[in-house]
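Have a look at coords_6.pdb; it's PDB, C-alpha atoms:
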```
ATOM      1  CA  MET A   1      -8.288 -25.750   6.677
ATOM      2  CA  GLY A   2     -11.712 -24.785   8.084
ATOM      3  CA  GLN A   3     -13.254 -21.322   8.053
ATOM      4  CA  ARG A   4     -11.222 -18.118   7.857
ATOM      5  CA  PRO A   5      -9.980 -17.101  11.281
ATOM      6  CA  LYS A   6     -10.624 -13.500  12.355
ATOM      7  CA  ILE A   7      -7.563 -11.741  13.719
ATOM      8  CA  VAL A   8      -7.064  -8.158  14.876
ATOM      9  CA  VAL A   9      -3.471  -6.928  14.468
ATOM     10  CA  ILE A  10      -2.662  -3.863  16.568
ATOM     11  CA  GLY A  11       0.720  -2.467  15.664
ATOM     12  CA  SER A  12       3.126  -0.421  13.597
ATOM     13  CA  LEU A  13       3.214   0.628   9.958
ATOM     14  CA  ASN A  14       6.561   1.915   8.658
ATOM     15  CA  MET A  15       8.111   2.724   5.337
ATOM     16  CA  ASP A  16      11.521   1.032   5.232
ATOM     17  CA  LEU A  17      14.171   3.062   3.404
ATOM     18  CA  VAL A  18      16.791   0.475   2.544
ATOM     19  CA  VAL A  19      20.127   1.870   1.374
ATOM     20  CA  LYS A  20      22.861  -0.434   0.115
ATOM     21  CA  ALA A  21      26.498   0.636   0.226
ATOM     22  CA  ALA A  22      29.892  -1.080   0.019
ATOM     23  CA  ARG A  23      30.616   0.028   3.594
ATOM     24  CA  ALA A  24      29.171   2.171   6.360
ATOM     25  CA  PRO A  25      30.420   5.766   6.511
ATOM     26  CA  LYS A  26      32.726   6.734   9.360
ATOM     27  CA  ARG A  27      31.773   9.682  11.511
ATOM     28  CA  GLY A  28      31.552  12.862   9.418
ATOM     29  CA  GLU A  29      32.182  10.967   6.184
ATOM     30  CA  THR A  30      30.064  10.666   3.037
ATOM     31  CA  VAL A  31      30.117   7.466   1.002
ATOM     32  CA  MET A  32      28.367   6.769  -2.284
ATOM     33  CA  GLY A  33      25.517   4.284  -2.037
ATOM     34  CA  GLU A  34      24.726   1.621  -4.611
ATOM     35  CA  GLU A  35      20.920   1.454  -4.444
ATOM     36  CA  ILE A  36      17.872   2.499  -2.431
ATOM     37  CA  HIS A  37      14.549   0.715  -2.003
ATOM     38  CA  PHE A  38      11.334   1.987  -0.406
ATOM     39  CA  ILE A  39       9.744  -1.090   1.136
ATOM     40  CA  PRO A  40       6.514  -1.225   3.146
ATOM     41  CA  GLY A  41       7.310  -2.463   6.662
ATOM     42  CA  GLY A  42       6.594  -2.152  10.359
ATOM     43  CA  LYS A  43       6.138  -5.322  12.405
ATOM     44  CA  GLY A  44       2.389  -4.817  12.690
ATOM     45  CA  ALA A  45       1.842  -4.343   8.967
ATOM     46  CA  ASN A  46       4.234  -7.176   8.056
ATOM     47  CA  GLN A  47       2.404  -9.619  10.308
ATOM     48  CA  ALA A  48      -0.985  -8.431   9.002
ATOM     49  CA  VAL A  49       0.117  -9.111   5.407
ATOM     50  CA  GLY A  50       1.564 -12.486   6.421
ATOM     51  CA  LEU A  51      -1.768 -13.460   7.975
ATOM     52  CA  ALA A  52      -3.885 -12.150   5.106
ATOM     53  CA  ARG A  53      -1.852 -14.164   2.607
ATOM     54  CA  LEU A  54      -2.392 -17.290   4.664
ATOM     55  CA  GLY A  55      -6.113 -16.647   4.391
ATOM     56  CA  ALA A  56      -7.100 -14.976   7.664
ATOM     57  CA  GLU A  57      -9.600 -12.134   7.862
ATOM     58  CA  ILE A  58      -7.533  -9.218   9.180
ATOM     59  CA  ILE A  59      -8.400  -5.918  10.785
ATOM     60  CA  MET A  60      -5.340  -3.696  11.235
ATOM     61  CA  ILE A  61      -5.345  -1.038  13.954
ATOM     62  CA  GLY A  62      -2.559   1.532  13.814
ATOM     63  CA  ALA A  63      -1.665   5.021  12.602
ATOM     64  CA  VAL A  64       0.035   6.632   9.591
ATOM     65  CA  GLY A  65       0.668  10.222   8.509
ATOM     66  CA  SER A  66      -1.314  11.873   5.734
ATOM     67  CA  ASP A  67       1.726  11.742   3.446
ATOM     68  CA  SER A  68       2.695   9.684   0.413
ATOM     69  CA  PHE A  69       4.328   6.977   2.566
ATOM     70  CA  GLY A  70       1.139   6.548   4.578
ATOM     71  CA  GLU A  71      -0.929   6.327   1.419
ATOM     72  CA  GLU A  72       1.421   3.734  -0.050
ATOM     73  CA  LEU A  73       1.392   1.596   3.117
ATOM     74  CA  LEU A  74      -2.414   1.517   3.234
ATOM     75  CA  LYS A  75      -2.616   0.635  -0.470
ATOM     76  CA  THR A  76      -0.170  -2.249   0.000
ATOM     77  CA  LEU A  77      -2.180  -3.647   2.889
ATOM     78  CA  GLN A  78      -5.460  -3.305   1.010
ATOM     79  CA  LYS A  79      -3.997  -5.087  -1.996
ATOM     80  CA  ASP A  80      -3.390  -8.097   0.249
ATOM     81  CA  GLY A  81      -6.944  -7.933   1.581
ATOM     82  CA  VAL A  82      -6.217  -6.342   4.982
ATOM     83  CA  ASN A  83      -9.060  -4.195   6.337
ATOM     84  CA  THR A  84      -7.409  -0.799   6.995
ATOM     85  CA  SER A  85     -10.521   1.230   7.908
ATOM     86  CA  SER A  86      -9.293   1.193  11.526
ATOM     87  CA  VAL A  87      -5.870   2.689  10.689
ATOM     88  CA  LYS A  88      -6.042   6.386  11.561
ATOM     89  CA  VAL A  89      -4.485   8.945   9.215
ATOM     90  CA  LEU A  90      -2.916  11.927  10.971
ATOM     91  CA  ALA A  91      -2.253  15.289   9.340
ATOM     92  CA  SER A  92      -0.095  16.291  12.314
ATOM     93  CA  GLU A  93       2.388  13.404  12.137
ATOM     94  CA  ALA A  94       4.685  11.851   9.545
ATOM     95  CA  THR A  95       4.363   8.157   8.762
ATOM     96  CA  GLY A  96       6.838   5.997  10.688
ATOM     97  CA  VAL A  97      10.106   5.359   8.874
ATOM     98  CA  ALA A  98      12.874   2.810   9.346
ATOM     99  CA  SER A  99      16.150   3.839   7.752
ATOM    100  CA  ILE A 100      18.169   0.700   7.062
ATOM    101  CA  LEU A 101      21.768   0.672   5.898
ATOM    102  CA  LEU A 102      22.995  -2.581   4.350
ATOM    103  CA  ALA A 103      26.773  -2.654   4.216
ATOM    104  CA  GLU A 104      29.452  -5.366   4.477
ATOM    105  CA  GLY A 105      26.846  -8.091   5.027
ATOM    106  CA  ASP A 106      25.363  -6.337   8.053
ATOM    107  CA  ASN A 107      22.538  -3.930   8.691
ATOM    108  CA  SER A 108      22.135  -0.923  10.972
ATOM    109  CA  ILE A 109      18.700   0.570  11.501
ATOM    110  CA  VAL A 110      17.288   3.867  12.772
ATOM    111  CA  VAL A 111      13.531   3.893  13.388
ATOM    112  CA  VAL A 112      11.548   7.139  13.608
ATOM    113  CA  PRO A 113       8.147   6.079  15.008
ATOM    114  CA  GLY A 114       6.208   9.122  13.726
ATOM    115  CA  ALA A 115       2.478   8.361  13.643
ATOM    116  CA  ASN A 116       3.015   4.957  15.335
ATOM    117  CA  ALA A 117       3.564   6.832  18.609
ATOM    118  CA  GLN A 118       0.006   8.157  18.260
ATOM    119  CA  CYS A 119      -1.637   4.725  18.208
ATOM    120  CA  LEU A 120      -3.287   5.299  21.583
ATOM    121  CA  PRO A 121      -5.470   3.374  24.054
ATOM    122  CA  GLU A 122      -8.529   5.497  23.245
ATOM    123  CA  ASP A 123      -8.237   4.453  19.588
ATOM    124  CA  LEU A 124      -9.081   0.910  20.650
ATOM    125  CA  ASP A 125     -12.377   1.729  22.338
ATOM    126  CA  GLN A 126     -14.250   2.139  19.075
ATOM    127  CA  TYR A 127     -13.013  -1.290  17.927
ATOM    128  CA  GLU A 128     -13.910  -3.144  21.115
ATOM    129  CA  ALA A 129     -16.585  -5.166  19.280
ATOM    130  CA  GLU A 130     -14.023  -6.319  16.687
ATOM    131  CA  ILE A 131     -11.594  -7.319  19.447
ATOM    132  CA  ALA A 132     -14.394  -9.199  21.207
ATOM    133  CA  GLU A 133     -15.352 -11.092  18.037
ATOM    134  CA  ALA A 134     -11.789 -11.944  16.991
ATOM    135  CA  ASP A 135     -10.334 -15.434  17.386
ATOM    136  CA  LEU A 136      -7.049 -13.804  18.396
ATOM    137  CA  ILE A 137      -5.352 -10.422  18.727
ATOM    138  CA  LEU A 138      -1.709 -10.052  17.731
ATOM    139  CA  LEU A 139       0.555  -7.341  19.171
ATOM    140  CA  GLN A 140       4.188  -6.217  18.960
ATOM    141  CA  LEU A 141       6.106  -3.420  20.730
ATOM    142  CA  GLU A 142       6.542  -0.755  18.028
ATOM    143  CA  ILE A 143       3.536   1.205  19.355
ATOM    144  CA  PRO A 144       3.239   2.757  22.866
ATOM    145  CA  LEU A 145       3.329   0.171  25.655
ATOM    146  CA  VAL A 146       0.206   1.711  27.251
ATOM    147  CA  THR A 147      -1.700   0.842  24.069
ATOM    148  CA  VAL A 148      -0.437  -2.739  24.151
ATOM    149  CA  GLU A 149      -1.466  -3.031  27.816
ATOM    150  CA  TYR A 150      -4.908  -1.616  27.087
ATOM    151  CA  ALA A 151      -5.420  -3.937  24.108
ATOM    152  CA  VAL A 152      -4.551  -6.929  26.263
ATOM    153  CA  LYS A 153      -7.012  -5.751  28.920
ATOM    154  CA  LEU A 154      -9.810  -5.419  26.340
ATOM    155  CA  ALA A 155      -9.071  -8.843  24.868
ATOM    156  CA  ARG A 156      -9.027 -10.385  28.343
ATOM    157  CA  LYS A 157     -12.403  -8.802  29.138
ATOM    158  CA  HIS A 158     -13.939 -10.606  26.150
ATOM    159  CA  GLY A 159     -12.026 -13.877  26.408
ATOM    160  CA  THR A 160     -10.121 -13.241  23.141
ATOM    161  CA  THR A 161      -6.772 -15.064  22.822
ATOM    162  CA  VAL A 162      -3.771 -12.716  23.151
ATOM    163  CA  MET A 163      -0.497 -13.276  21.298
ATOM    164  CA  LEU A 164       2.410 -10.903  21.915
ATOM    165  CA  ASN A 165       5.574 -10.704  19.838
ATOM    166  CA  PRO A 166       7.772  -8.761  22.326
ATOM    167  CA  ALA A 167       9.865  -6.975  19.694
ATOM    168  CA  PRO A 168      11.760  -4.707  19.726
ATOM    169  CA  ALA A 169      12.831  -5.870  23.183
ATOM    170  CA  GLN A 170      11.824  -3.909  26.271
ATOM    171  CA  SER A 171      11.036  -4.880  29.831
ATOM    172  CA  LEU A 172       7.408  -5.788  30.491
ATOM    173  CA  SER A 173       5.398  -5.698  33.709
ATOM    174  CA  GLN A 174       4.265  -8.905  35.409
ATOM    175  CA  ASP A 175       0.728  -7.553  35.164
ATOM    176  CA  LEU A 176       0.936  -7.413  31.359
ATOM    177  CA  LEU A 177       2.643 -10.800  31.071
ATOM    178  CA  SER A 178       0.027 -12.449  33.292
ATOM    179  CA  LYS A 179      -2.651 -11.536  30.713
ATOM    180  CA  VAL A 180      -0.773 -12.883  27.660
ATOM    181  CA  ASP A 181      -1.668 -16.324  26.303
ATOM    182  CA  TYR A 182       1.203 -16.774  23.818
ATOM    183  CA  ILE A 183       4.495 -14.864  23.813
ATOM    184  CA  THR A 184       7.060 -15.237  21.006
ATOM    185  CA  PRO A 185      10.442 -13.748  21.971
ATOM    186  CA  ASN A 186      13.757 -14.426  20.301
ATOM    187  CA  ARG A 187      16.724 -15.295  22.498
ATOM    188  CA  SER A 188      17.761 -11.707  23.326
ATOM    189  CA  GLU A 189      14.161 -10.601  23.949
ATOM    190  CA  LEU A 190      13.683 -13.536  26.344
ATOM    191  CA  ALA A 191      16.874 -12.524  28.187
ATOM    192  CA  LEU A 192      15.724  -8.922  28.513
ATOM    193  CA  ILE A 193      12.168  -9.729  29.654
ATOM    194  CA  THR A 194      13.288 -12.273  32.257
ATOM    195  CA  GLY A 195      16.556 -10.592  33.248
ATOM    196  CA  MET A 196      18.383 -13.895  32.841
ATOM    197  CA  SER A 197      21.775 -14.608  31.334
ATOM    198  CA  GLU A 198      22.161 -16.495  28.067
ATOM    199  CA  GLU A 199      23.561 -19.728  29.586
ATOM    200  CA  SER A 200      20.528 -20.994  31.452
ATOM    201  CA  LEU A 201      18.178 -18.920  29.409
ATOM    202  CA  ILE A 202      15.828 -21.035  27.362
ATOM    203  CA  ALA A 203      14.514 -23.492  29.943
ATOM    204  CA  GLN A 204      14.641 -21.186  32.965
ATOM    205  CA  GLY A 205      13.567 -18.021  31.157
ATOM    206  CA  THR A 206      10.599 -19.864  29.706
ATOM    207  CA  GLU A 207       9.665 -21.264  33.124
ATOM    208  CA  ARG A 208       9.851 -17.814  34.653
ATOM    209  CA  LEU A 209       7.358 -16.435  32.094
ATOM    210  CA  LEU A 210       4.984 -19.326  32.709
ATOM    211  CA  GLU A 211       5.232 -18.666  36.460
ATOM    212  CA  VAL A 212       4.056 -15.053  36.022
ATOM    213  CA  GLY A 213       1.038 -16.246  34.073
ATOM    214  CA  VAL A 214       1.898 -16.548  30.370
ATOM    215  CA  SER A 215       0.161 -19.699  29.058
ATOM    216  CA  CYS A 216       2.812 -20.576  26.506
ATOM    217  CA  CYS A 217       6.250 -19.241  25.546
ATOM    218  CA  VAL A 218       7.579 -19.836  22.035
ATOM    219  CA  THR A 219      11.230 -18.787  21.632
ATOM    220  CA  THR A 220      12.715 -18.450  18.155
ATOM    221  CA  LEU A 221      16.358 -19.543  17.954
ATOM    222  CA  GLY A 222      17.332 -18.470  14.426
ATOM    223  CA  ALA A 223      18.896 -21.296  12.438
ATOM    224  CA  GLU A 224      18.484 -23.659  15.401
ATOM    225  CA  GLY A 225      14.705 -23.543  15.110
ATOM    226  CA  VAL A 226      12.233 -22.967  17.936
ATOM    227  CA  ALA A 227      11.749 -24.008  21.563
ATOM    228  CA  PHE A 228       8.316 -23.833  23.164
ATOM    229  CA  MET A 229       6.750 -24.725  26.466
ATOM    230  CA  GLU A 230       3.155 -24.690  27.649
ATOM    231  CA  LYS A 231       2.045 -24.342  31.235
ATOM    232  CA  GLY A 232       2.381 -27.780  32.821
ATOM    233  CA  GLY A 233       4.345 -29.161  29.872
ATOM    234  CA  ASN A 234       7.968 -29.788  28.966
ATOM    235  CA  LEU A 235      10.269 -27.778  26.728
ATOM    236  CA  VAL A 236       9.872 -28.943  23.103
ATOM    237  CA  ASN A 237      12.403 -28.189  20.372
ATOM    238  CA  ILE A 238      11.400 -27.941  16.708
ATOM    239  CA  SER A 239      14.210 -27.625  14.190
ATOM    240  CA  GLY A 240      14.207 -25.180  11.277
ATOM    241  CA  HIS A 241      14.151 -26.015   7.564
ATOM    242  CA  LYS A 242      17.128 -25.623   5.253
ATOM    243  CA  VAL A 243      16.165 -23.330   2.382
ATOM    244  CA  PRO A 244      18.078 -21.043   0.003
ATOM    245  CA  VAL A 245      18.145 -17.690   1.830
ATOM    246  CA  VAL A 246      17.499 -14.504  -0.160
ATOM    247  CA  ASP A 247      16.401 -12.038   2.541
ATOM    248  CA  THR A 248      15.810 -12.746   6.243
ATOM    249  CA  THR A 249      14.135  -9.388   6.985
ATOM    250  CA  GLY A 250      10.603 -10.658   7.498
ATOM    251  CA  ALA A 251      11.386 -14.114   8.894
ATOM    252  CA  GLY A 252      10.250 -13.314  12.429
ATOM    253  CA  ASP A 253       7.092 -11.605  11.196
ATOM    254  CA  ALA A 254       6.274 -14.545   8.920
ATOM    255  CA  PHE A 255       6.797 -16.913  11.853
ATOM    256  CA  ASN A 256       4.434 -14.903  14.060
ATOM    257  CA  ALA A 257       1.828 -14.822  11.294
ATOM    258  CA  GLY A 258       2.068 -18.605  10.955
ATOM    259  CA  VAL A 259       1.655 -19.236  14.688
ATOM    260  CA  ALA A 260      -1.253 -16.782  14.981
ATOM    261  CA  TYR A 261      -3.032 -18.227  11.943
ATOM    262  CA  ALA A 262      -2.850 -21.811  13.168
ATOM    263  CA  LEU A 263      -3.793 -20.932  16.766
ATOM    264  CA  ALA A 264      -6.786 -18.923  15.559
ATOM    265  CA  GLN A 265      -7.898 -22.112  13.827
ATOM    266  CA  LYS A 266      -7.705 -23.918  17.174
ATOM    267  CA  LYS A 267      -4.643 -25.974  16.213
ATOM    268  CA  SER A 268      -2.385 -27.250  18.996
ATOM    269  CA  ILE A 269       0.691 -25.158  19.777
ATOM    270  CA  ARG A 270       2.898 -27.907  18.359
ATOM    271  CA  GLU A 271       1.004 -27.868  15.033
ATOM    272  CA  ALA A 272       1.079 -24.064  15.051
ATOM    273  CA  VAL A 273       4.857 -23.928  15.581
ATOM    274  CA  GLU A 274       5.553 -26.588  12.930
ATOM    275  CA  PHE A 275       3.393 -24.690  10.442
ATOM    276  CA  ALA A 276       5.012 -21.334  11.346
ATOM    277  CA  VAL A 277       8.505 -22.762  10.833
ATOM    278  CA  GLN A 278       7.427 -23.687   7.283
ATOM    279  CA  VAL A 279       5.944 -20.227   6.662
ATOM    280  CA  SER A 280       9.085 -18.414   7.825
ATOM    281  CA  ALA A 281      11.358 -20.770   5.874
ATOM    282  CA  LEU A 282       9.492 -19.923   2.689
ATOM    283  CA  ALA A 283       9.489 -16.185   3.489
ATOM    284  CA  VAL A 284      13.302 -15.937   3.502
ATOM    285  CA  THR A 285      13.504 -17.336  -0.021
ATOM    286  CA  LYS A 286      12.090 -14.045  -1.394
ATOM    287  CA  PHE A 287      13.064 -10.351  -1.170
ATOM    288  CA  GLY A 288      11.277  -7.902   1.117
ATOM    289  CA  ALA A 289       9.501  -8.442   4.433
ATOM    290  CA  GLN A 290       5.964  -8.128   3.068
ATOM    291  CA  GLY A 291       6.810  -9.180  -0.476
ATOM    292  CA  GLY A 292       8.256 -12.445   0.830
ATOM    293  CA  MET A 293       5.191 -13.499   2.805
ATOM    294  CA  PRO A 294       3.938 -16.777   1.290
ATOM    295  CA  MET A 295       0.376 -17.732   0.383
ATOM    296  CA  LEU A 296      -1.110 -20.739   2.192
ATOM    297  CA  ALA A 297      -1.166 -22.736  -1.058
ATOM    298  CA  GLU A 298       2.568 -22.059  -1.576
ATOM    299  CA  VAL A 299       3.401 -23.379   1.895
ATOM    300  CA  GLU A 300       1.292 -26.492   1.415
ATOM    301  CA  GLU A 301       2.674 -27.116  -2.047
ATOM    302  CA  TYR A 302       6.346 -26.550  -1.180
ATOM    303  CA  PHE A 303       6.363 -28.696   1.944
ATOM    304  CA  GLY A 304       4.052 -31.281   0.426
ATOM    305  CA  ARG A 305       6.576 -31.636  -2.397
ATOM    306  CA  HIS A 306       9.736 -31.586  -0.291
ATOM    307  CA  GLU A 307       8.543 -33.657   2.612
ATOM    308  CA  GLY A 308       5.701 -35.732   1.238
TER
END
```
Represent the structure of the file as structure tokens.
Amino acid sequence: MGQRPKIVVIGSLNMDLVVKAARAPKRGETVMGEEIHFIPGGKGANQAVGLARLGAEIIMIGAVGSDSFGEELLKTLQKDGVNTSSVKVLASEATGVASILLAEGDNSIVVVPGANAQCLPEDLDQYEAEIAEADLILLQLEIPLVTVEYAVKLARKHGTTVMLNPAPAQSLSQDLLSKVDYITPNRSELALITGMSEESLIAQGTERLLEVGVSCCVTTLGAEGVAFMEKGGNLVNISGHKVPVVDTTGAGDAFNAGVAYALAQKKSIREAVEFAVQVSALAVTKFGAQGGMPMLAEVEEYFGRHEG
């Protein structure tokens, strides 16, 4: 698939504490849980692992605490070949944690950003050369918005492609959006960013983002697949793949990794989306956000076999 693309991921690293119980406790109540798992997470780290497994050269910029969770997160990333020398380790902050309760087929999540809140604009200055040399930078919204805005400004200065996964949802300035090449919201994130209702959302919300200067909007629609539109083009729908689902946790992150990987290799957006749909389909067949990220060879083999 050509040479290894270089991608800088600027984002969050969390330890996910996943607790499983028969039901959620009511206010003031204690219930007995069935199991607990400590799973490396954070959208930034998940997407970095997804990309590294596909074969990209990855530099991760972010922050962890100098605690056992931070150590574990860095080790996990390194094991997958992610360059973590640009992740700062803070003695003054705890590593970010997401506490996830799985009960009655649903999940509720509390995120404590910890060190992620200290991933600051000035941290990016020393990595300006890496951002300049990258084929693409990939961002999410689990670090301070000022840092995201600054990263986009640096990338713009050097003509580096910018891809933003606007999750978790928050409103974004027109100035920021005008500097983004590819944005990948889900339905509710698109509604929040554009302030539009669900009915007319996909076509009109997408058009609104293109009007403010985004080059291409790729909206994930869960089981219905993906809808994307480039500036000057029409809305294109790509359907998802039917696979046995084990764990959907990292599906969005796997999708973003797939799009970023293909775009960094100068593929068309259509090819990138089709490839990403395959990557995310394979990711949900395994447990754990990072653990489920497929290798490039697995994607090629599985879809070569099932669709060849």
Residue nearest Leu101 in chain A among A:Cys119, A:Leu136, A:Met295, A:Ala24 (counting only C-alpha atoms):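 For Leu101 in chain A, the nearest of the candidates is A:Ala24.
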Selection under test: the PyMOL selection byres ((chain A and resi 168) around 7); residues as a PyMOL selection string: chain A and resi 141-142+166-167+169-170
Output for the residues just chosen: C-alpha atoms as a PDB file, in the coordinates of the input:
```pdb
ATOM      1  CA  LEU A 141       6.106  -3.420  20.730  1.00  0.00           C
ATOM      2  CA  GLU A 142       6.542  -0.755  18.028  1.00  0.00           C
ATOM      3  CA  PRO A 166       7.772  -8.761  22.326  1.00  0.00           C
ATOM      4  CA  ALA A 167       9.865  -6.975  19.694  1.00  0.00           C
ATOM      5  CA  ALA A 169      12.831  -5.870  23.183  1.00  0.00           C
ATOM      6  CA  GLN A 170      11.824  -3.909  26.271  1.00  0.00           C
TER       7      GLN A 170
END
```
Non-local contacts of Val87 in chain A (9 Å; only C-alpha atoms; under 3 positions in same chain excluded) as a list of chain:residue names: A:Ile59, A:Met60, A:Ile61, A:Gly62, A:Ala63, A:Val64, A:Leu74, A:Asn83, A:Thr84, A:Cys119
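Shortest separation to Ile131 in chain A among A:Lys6, A:Lys286, A:Lys179, A:Lys267 occurs at residue A:Lys6, atoms counted being all atoms listed in the file.
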Nearest candidate to Ile10 in chain A (options A:Ser99, A:Gln140, A:Gln78, A:Gln174; using all atoms listed in the file):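 Comparing A:Ser99, A:Gln140, A:Gln78, A:Gln174 against Ile10 in chain A, the winner is A:Gln140.
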Expected selection from the PyMOL selection byres ((chain A and resi 113-117) around 12), given as a ChimeraX atom specification: /A:10-16,41-45,61-67,69-70,87-99,110-112,118-121,140-148
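For the structure in this document, the set picked by the PyMOL selection byres ((chain A and resi 230) around 8) is Leu210, Ser215, Cys216, Cys217, Phe228, Met229, Lys231, Gly232, Gly233, Asn234 and Leu235 of chain A.
Here CA of Gly304 in chain A is placed at a distance of 21.8 Å from CA of Asn237 in chain A.
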Given all atoms listed in the file as the counted atoms, nearest of A:Tyr261, A:Gly33, A:Thr160, A:Ser68 to Gln47 in chain A: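 Distance minimum relative to Gln47 in chain A lands on A:Tyr261.
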All residues 10 Å or closer to range 53-57 of chain A, all atoms listed in the file, same chain fewer than 5 positions away omitted, as number ranges by chain: A: 1, 3-8, 47-48, 80-83, 134, 257-258, 260-262, 264-265, 279, 290, 293-299
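For the residues A:Ser85, A:Thr76, A:Thr220, A:Gln126, ranking by smallest atom-to-atom distance to Ala151 in chain A using only C-alpha atoms places A:Gln126 first.
Shortest separation to Leu209 in chain A among A:Asn46, A:Thr184, A:Thr248, A:Ser197 occurs at residue A:Thr184, atoms counted being all atoms listed in the file.
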12 Å contact set for Ser239 in chain A, all atoms listed in the file, chain neighbours under 6 positions out, as JSON, numbers by chain: {"A": [219, 220, 221, 222, 223, 224, 225, 226, 227, 228, 273, 274, 275, 276, 277, 278, 281]}
Within 9 Å of Glu35 in chain A using all atoms listed in the file, minus same-chain residues under 3 positions, as a ChimeraX atom specification: /A:18-21
Separation of CA of Leu139 in chain A from CA of Leu176 in chain A in Å: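 Interatomic distance, CA of Leu176 in chain A to CA of Leu139 in chain A: 12.2 Å.
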Val152 in chain A surroundings by all atoms listed in the file, 8 Å radius, close-in-sequence under 2 positions cut, as a ChimeraX atom specification: /A:148-150,154-156,162,176,179-180
Atom pair CA of Ala103 in chain A / CA of Gly291 in chain A: separation (Å):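 It comes out at 21.5 Å.
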As JSON, what would the box around range 111-116 of chain A look like: edges along x, y and z, 6 Å added on every side, centre and edge lengths in Å to one decimal?
```
{"center_x": 8.0, "center_y": 6.5, "center_z": 14.4, "size_x": 23.1, "size_y": 17.2, "size_z": 13.9}
```
